[in-house]
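Engineer: Take this structure first; my questions come after.
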Amino acid sequence: MWGDGKKCAVLLCFDFDAESLWIAKNLTTPSVISRGEYGDRVGVPRILSLLDKYSIKATFFVPAETARRHPDTVRLIYQKGHEIGHHGDIHENPVKLDVDEEKRVLITGLETLEKLTGERPRGYRSPAWDLGPNSIRLLQEYGFLYDSSMMGDDFHFYRVREKDKETNLVEVPVSWELDDAPHFLFTFSPVYFRGMASPSKVCEIWTAEFEGAYSSGGAFVLTMHPQIIGRYHRIKMLEQLIEHMLGHEKVWFTTCAEAVTDWLSRLIQNPPNPPLQKGGKGGFPVVAGLK
Ligand SMILES: [Zn+2]
C-alpha cells in the first residue's frame, strides 16, 4: 500500500511540550515546571538514543516555547534527520483563539522553528487535538501539507473536509488509545489524570493496534511525550514494541511528511473514481481515497 512495496508505515510522534504544557495552564511553580524540564533533560536523550539504536526516523511536534527554551535540543533532533512539526506557540488551544491570535500563533511557530532548523514545518498538530472554526482555512493559507489532530480514521490518511468540501490538507489521524498521556500521565491539577498504567497493559493495546495497521496496509500513528514515555520502564516498553514491529516484513519507519508525500503521490497516480460520492450519512459526501 506504500511505495516500494512497503506494507505498513510506522509514524512515531513525540510531542515535545516540555515546560509549555504547564505554562499554558498557568502552572508555573518550580516543581510543576520541572516535569517539563525532565522532557528535555532525560526524555529526549533517551528517545534519540533509542531511535539511533534502530536507525529509525520519527516526527517531533514542537511548540515555539520549547524551541526558545531548548534550541540546542531541537536543532539536534533535526540534525539527526527527524521531522519537526508545528505545535503552537505556548501550547495554546486554538479553539479558544480569535482569528488574529491564531494567525499570530501559526506565524510564530513557523518562524521560530524555521529560524532554528532552516526548514519550514510542513505538519501541524493542535496542542488540544481540536481545531477552531478558522483553523483548517488558516493551515491551508500558511501552506501546511498535513494536520495531525483529528480522529476520523485509525490506520488511513484522508483529505480534511471544510464545510463538506474536500481540501488539500491531508489528515494523519490520531487517537487517545495511541497516546501515552491518557495511559500514563498522573496529575491532580488542574484536572485529575490517574495514569500510571502498567507498561505491559499499554504494550498489549499498542501491539494489537499495530497488527491492525499492518494487516490493512495502513499507518500506525503513535503519539508520545518525552516527559511521559521518557521514564525508564516506559522507554523499555517502547523498545520492546519497536522490536516487535521490526519482526514484520516491509515495515517502514518514517516521518509524517514522508508518509503523506508517498500517500499523495499514489493518490495522484491512482485518483479515486469518483472523487466524491454523494449519499453519505446525513447527505454529507463520502471522500473516496486510497485505503
Ligand atoms: Zn502537546
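Ordering of the C-alpha cells sets the chain letters (A, B, ...), residue numbers begin anew at 1 in every chain, and ligands are numbered from 1 in the order given.
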When the cut-off is 7 Å and you count only C-alpha atoms and all ligand atoms, which residues lie near ligand 1, shown as JSON, numbers by chain?
Structural biologist: {"A": [15, 16, 17, 21, 87, 91, 127]}
Engineer: Pull the closest atom pair for each residue of region 223-259 of chain A that gets at most 10 Å from region 23-42 of chain A, along with the distance in Å to one decimal, counting only C-alpha atoms, ordering rows by chain and then ascending residue number, as JSON lines.
Structural biologist:
{"residue": "A:His225", "atom": "CA", "partner": "A:Gly39", "partner_atom": "CA", "distance": 7.6}
{"residue": "A:Pro226", "atom": "CA", "partner": "A:Gly39", "partner_atom": "CA", "distance": 4.7}
{"residue": "A:Gln227", "atom": "CA", "partner": "A:Gly39", "partner_atom": "CA", "distance": 4.0}
{"residue": "A:Ile228", "atom": "CA", "partner": "A:Gly39", "partner_atom": "CA", "distance": 7.7}
{"residue": "A:Ile229", "atom": "CA", "partner": "A:Gly39", "partner_atom": "CA", "distance": 9.1}
{"residue": "A:Gly230", "atom": "CA", "partner": "A:Val42", "partner_atom": "CA", "distance": 6.7}
{"residue": "A:Arg231", "atom": "CA", "partner": "A:Val42", "partner_atom": "CA", "distance": 8.1}
{"residue": "A:Tyr232", "atom": "CA", "partner": "A:Val42", "partner_atom": "CA", "distance": 9.5}
Engineer: If you count only C-alpha atoms, which residues fall within 10 Å of Gly212 (chain A), apart from same-chain ones fewer than 5 positions away, as a list in words?
Structural biologist: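 Counting only C-alpha atoms, the residues come to Cys8, Asp154, Phe155, Trp206, Thr207, Gly217, Gly218, Ala219 and Phe220 of chain A.
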Engineer: May I have the residues from that selection written out with N, CA, C and O atoms, as a JSON list (two decimals), in the first residue's frame?
Structural biologist:
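Result saved to out_39.json:
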[["chain", "number", "residue", "atom", "x", "y", "z"],
["A", 8, "CYS", "N", 3.47, -1.35, 5.72],
["A", 8, "CYS", "CA", 2.87, -0.54, 6.80],
["A", 8, "CYS", "C", 3.82, 0.60, 7.16],
["A", 8, "CYS", "O", 5.03, 0.37, 7.28],
["A", 154, "ASP", "N", -8.54, 5.32, 11.61],
["A", 154, "ASP", "CA", -7.49, 4.84, 12.51],
["A", 154, "ASP", "C", -6.18, 4.59, 11.76],
["A", 154, "ASP", "O", -5.14, 5.13, 12.13],
["A", 155, "PHE", "N", -6.23, 3.82, 10.66],
["A", 155, "PHE", "CA", -4.98, 3.45, 10.00],
["A", 155, "PHE", "C", -4.77, 4.13, 8.65],
["A", 155, "PHE", "O", -3.81, 3.81, 7.95],
["A", 206, "TRP", "N", -1.13, -1.29, 22.22],
["A", 206, "TRP", "CA", -0.41, -0.73, 21.08],
["A", 206, "TRP", "C", -0.01, -1.83, 20.09],
["A", 206, "TRP", "O", -0.06, -1.62, 18.87],
["A", 207, "THR", "N", 0.38, -2.99, 20.59],
["A", 207, "THR", "CA", 0.77, -4.08, 19.69],
["A", 207, "THR", "C", -0.44, -4.53, 18.87],
["A", 207, "THR", "O", -0.33, -4.75, 17.65],
["A", 217, "GLY", "N", -2.52, -2.63, 5.71],
["A", 217, "GLY", "CA", -1.60, -1.88, 4.85],
["A", 217, "GLY", "C", -1.64, -0.39, 5.09],
["A", 217, "GLY", "O", -1.41, 0.42, 4.19],
["A", 218, "GLY", "N", -1.93, 0.01, 6.30],
["A", 218, "GLY", "CA", -2.08, 1.43, 6.61],
["A", 218, "GLY", "C", -0.90, 2.01, 7.37],
["A", 218, "GLY", "O", 0.25, 1.61, 7.18],
["A", 219, "ALA", "N", -1.23, 2.96, 8.23],
["A", 219, "ALA", "CA", -0.20, 3.66, 9.01],
["A", 219, "ALA", "C", -0.50, 3.47, 10.50],
["A", 219, "ALA", "O", -1.65, 3.54, 10.93],
["A", 220, "PHE", "N", 0.55, 3.23, 11.25],
["A", 220, "PHE", "CA", 0.43, 3.11, 12.71],
["A", 220, "PHE", "C", 0.98, 4.42, 13.28],
["A", 220, "PHE", "O", 2.18, 4.69, 13.19]]
Engineer: Select from region 55-114 of chain A everything DSSP, run on the backbone, classes as strand (DSSP E or B), then give the selection as a PyMOL selection string.
Structural biologist: chain A and resi 59-62+83-86
Engineer: Those residues with all heavy atoms, as a tab-separated table (two decimals), in the first residue's frame please?
Structural biologist:
chain	number	residue	atom	x	y	z
A	59	THR	N	8.88	11.84	14.09
A	59	THR	CA	8.40	13.22	13.96
A	59	THR	C	8.25	13.83	15.35
A	59	THR	O	7.63	13.22	16.22
A	59	THR	CB	7.03	13.25	13.24
A	59	THR	OG1	7.17	12.57	11.99
A	59	THR	CG2	6.58	14.68	12.97
A	60	PHE	N	8.81	15.00	15.53
A	60	PHE	CA	8.69	15.73	16.80
A	60	PHE	C	7.85	16.98	16.56
A	60	PHE	O	8.23	17.82	15.74
A	60	PHE	CB	10.07	16.13	17.34
A	60	PHE	CG	10.89	14.96	17.86
A	60	PHE	CD1	11.44	14.03	16.99
A	60	PHE	CD2	11.11	14.81	19.22
A	60	PHE	CE1	12.19	12.96	17.47
A	60	PHE	CE2	11.85	13.75	19.72
A	60	PHE	CZ	12.39	12.81	18.83
A	61	PHE	N	6.74	17.09	17.26
A	61	PHE	CA	5.92	18.31	17.19
A	61	PHE	C	6.35	19.20	18.35
A	61	PHE	O	6.32	18.79	19.51
A	61	PHE	CB	4.43	17.96	17.25
A	61	PHE	CG	3.96	17.24	16.02
A	61	PHE	CD1	3.89	15.86	15.99
A	61	PHE	CD2	3.63	17.95	14.87
A	61	PHE	CE1	3.47	15.18	14.84
A	61	PHE	CE2	3.22	17.30	13.71
A	61	PHE	CZ	3.13	15.91	13.70
A	62	VAL	N	6.77	20.43	17.99
A	62	VAL	CA	7.47	21.28	18.95
A	62	VAL	C	6.80	22.65	19.08
A	62	VAL	O	6.75	23.41	18.10
A	62	VAL	CB	8.94	21.46	18.51
A	62	VAL	CG1	9.70	22.30	19.52
A	62	VAL	CG2	9.63	20.12	18.31
A	83	GLU	N	11.75	14.76	11.66
A	83	GLU	CA	10.93	15.90	11.21
A	83	GLU	C	10.53	16.74	12.42
A	83	GLU	O	10.27	16.22	13.50
A	83	GLU	CB	9.66	15.36	10.52
A	83	GLU	CG	8.73	16.47	10.04
A	83	GLU	CD	7.40	15.94	9.52
A	83	GLU	OE1	7.25	14.72	9.35
A	83	GLU	OE2	6.50	16.79	9.33
A	84	ILE	N	10.48	18.05	12.20
A	84	ILE	CA	10.00	18.97	13.23
A	84	ILE	C	8.67	19.57	12.74
A	84	ILE	O	8.62	20.21	11.69
A	84	ILE	CB	11.01	20.13	13.47
A	84	ILE	CG1	12.42	19.59	13.82
A	84	ILE	CG2	10.48	21.07	14.55
A	84	ILE	CD1	12.57	19.01	15.19
A	85	GLY	N	7.62	19.35	13.51
A	85	GLY	CA	6.30	19.88	13.16
A	85	GLY	C	5.87	20.98	14.11
A	85	GLY	O	6.43	21.16	15.20
A	86	HIS	N	4.84	21.71	13.69
A	86	HIS	CA	4.31	22.86	14.45
A	86	HIS	C	3.39	22.37	15.56
A	86	HIS	O	2.55	21.49	15.33
A	86	HIS	CB	3.54	23.74	13.46
A	86	HIS	CG	3.22	25.11	13.94
A	86	HIS	ND1	2.48	25.36	15.08
A	86	HIS	CD2	3.51	26.34	13.41
A	86	HIS	CE1	2.33	26.67	15.23
A	86	HIS	NE2	2.95	27.28	14.23
Engineer: I'd like the neighbourhood of Arg125 (chain A) as an MDAnalysis selection string, where a residue qualifies if any of its atoms comes within 6 Å (using only C-alpha atoms), though same-chain residues fewer than 6 positions away should be ignored.
Structural biologist: chainID A and resid 87 147:149
Engineer: So which residues of region 120-267 of chain A fall under helix (DSSP H, G or I) by DSSP, listed as a PyMOL selection string?
Structural biologist: chain A and resi 135-141+180-184+199-215+226-229+232-246+256-267
Engineer: Mind writing the picked residues with C-alpha atoms as an mmCIF file, in the first residue's frame?
Structural biologist:
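So selection_35.cif came out as:
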data_model
loop_
_atom_site.group_PDB
_atom_site.id
_atom_site.type_symbol
_atom_site.label_atom_id
_atom_site.label_comp_id
_atom_site.auth_asym_id
_atom_site.auth_seq_id
_atom_site.Cartn_x
_atom_site.Cartn_y
_atom_site.Cartn_z
ATOM 1 C CA SER A 135 -8.009 26.501 11.763
ATOM 2 C CA ILE A 136 -8.466 24.440 8.594
ATOM 3 C CA ARG A 137 -8.577 27.547 6.400
ATOM 4 C CA LEU A 138 -5.516 29.032 8.118
ATOM 5 C CA LEU A 139 -3.497 25.822 7.897
ATOM 6 C CA GLN A 140 -4.031 25.836 4.131
ATOM 7 C CA GLU A 141 -3.318 29.574 3.907
ATOM 8 C CA ASP A 180 0.866 7.810 26.064
ATOM 9 C CA ALA A 181 -0.779 10.610 28.115
ATOM 10 C CA PRO A 182 -4.182 9.016 28.900
ATOM 11 C CA HIS A 183 -2.436 5.784 29.873
ATOM 12 C CA PHE A 184 0.468 7.115 31.877
ATOM 13 C CA PRO A 199 3.607 -0.701 30.538
ATOM 14 C CA SER A 200 2.648 -4.318 29.744
ATOM 15 C CA LYS A 201 -1.007 -3.284 29.501
ATOM 16 C CA VAL A 202 -0.217 -0.396 27.160
ATOM 17 C CA CYS A 203 2.139 -2.554 25.114
ATOM 18 C CA GLU A 204 -0.700 -5.054 24.648
ATOM 19 C CA ILE A 205 -3.030 -2.317 23.314
ATOM 20 C CA TRP A 206 -0.406 -0.728 21.079
ATOM 21 C CA THR A 207 0.768 -4.080 19.694
ATOM 22 C CA ALA A 208 -2.788 -5.089 18.769
ATOM 23 C CA GLU A 209 -3.362 -1.707 17.075
ATOM 24 C CA PHE A 210 -0.111 -2.144 15.138
ATOM 25 C CA GLU A 211 -1.342 -5.545 13.937
ATOM 26 C CA GLY A 212 -4.492 -3.812 12.670
ATOM 27 C CA ALA A 213 -2.469 -1.186 10.818
ATOM 28 C CA TYR A 214 -0.146 -3.830 9.381
ATOM 29 C CA SER A 215 -2.885 -6.161 8.179
ATOM 30 C CA PRO A 226 9.244 12.934 26.193
ATOM 31 C CA GLN A 227 8.223 13.802 29.767
ATOM 32 C CA ILE A 228 5.935 10.737 29.855
ATOM 33 C CA ILE A 229 7.375 7.991 27.638
ATOM 34 C CA TYR A 232 12.895 4.232 32.095
ATOM 35 C CA HIS A 233 10.249 1.495 32.377
ATOM 36 C CA ARG A 234 8.225 3.064 29.564
ATOM 37 C CA ILE A 235 11.101 3.560 27.150
ATOM 38 C CA LYS A 236 11.935 -0.140 27.651
ATOM 39 C CA MET A 237 8.342 -0.943 26.661
ATOM 40 C CA LEU A 238 8.691 1.242 23.549
ATOM 41 C CA GLU A 239 11.849 -0.641 22.633
ATOM 42 C CA GLN A 240 10.015 -3.935 23.018
ATOM 43 C CA LEU A 241 7.277 -2.658 20.701
ATOM 44 C CA ILE A 242 9.813 -1.433 18.121
ATOM 45 C CA GLU A 243 11.450 -4.869 18.110
ATOM 46 C CA HIS A 244 8.054 -6.497 17.638
ATOM 47 C CA MET A 245 7.287 -4.241 14.678
ATOM 48 C CA LEU A 246 10.719 -4.796 13.140
ATOM 49 C CA CYS A 256 4.710 12.008 8.873
ATOM 50 C CA ALA A 257 5.716 14.326 5.998
ATOM 51 C CA GLU A 258 7.404 11.499 4.077
ATOM 52 C CA ALA A 259 4.432 9.190 4.542
ATOM 53 C CA VAL A 260 1.986 11.900 3.453
ATOM 54 C CA THR A 261 4.114 12.691 0.392
ATOM 55 C CA ASP A 262 4.134 8.997 -0.522
ATOM 56 C CA TRP A 263 0.362 8.724 0.018
ATOM 57 C CA LEU A 264 -0.283 11.778 -2.162
ATOM 58 C CA SER A 265 1.946 10.515 -4.968
ATOM 59 C CA ARG A 266 -0.037 7.278 -5.136
ATOM 60 C CA LEU A 267 -3.288 9.214 -4.947
#
Engineer: Measure the distance from CA of Lys250 (chain A) to CA of Gly5 (chain A) in Å and round it to one decimal.
Structural biologist: 7.3 Å
Engineer: Which is closer to Ala9 (chain A) than all the others in A:Thr187, A:Ser126, A:Val172, A:Lys96, using only C-alpha atoms?
Structural biologist: A:Val172
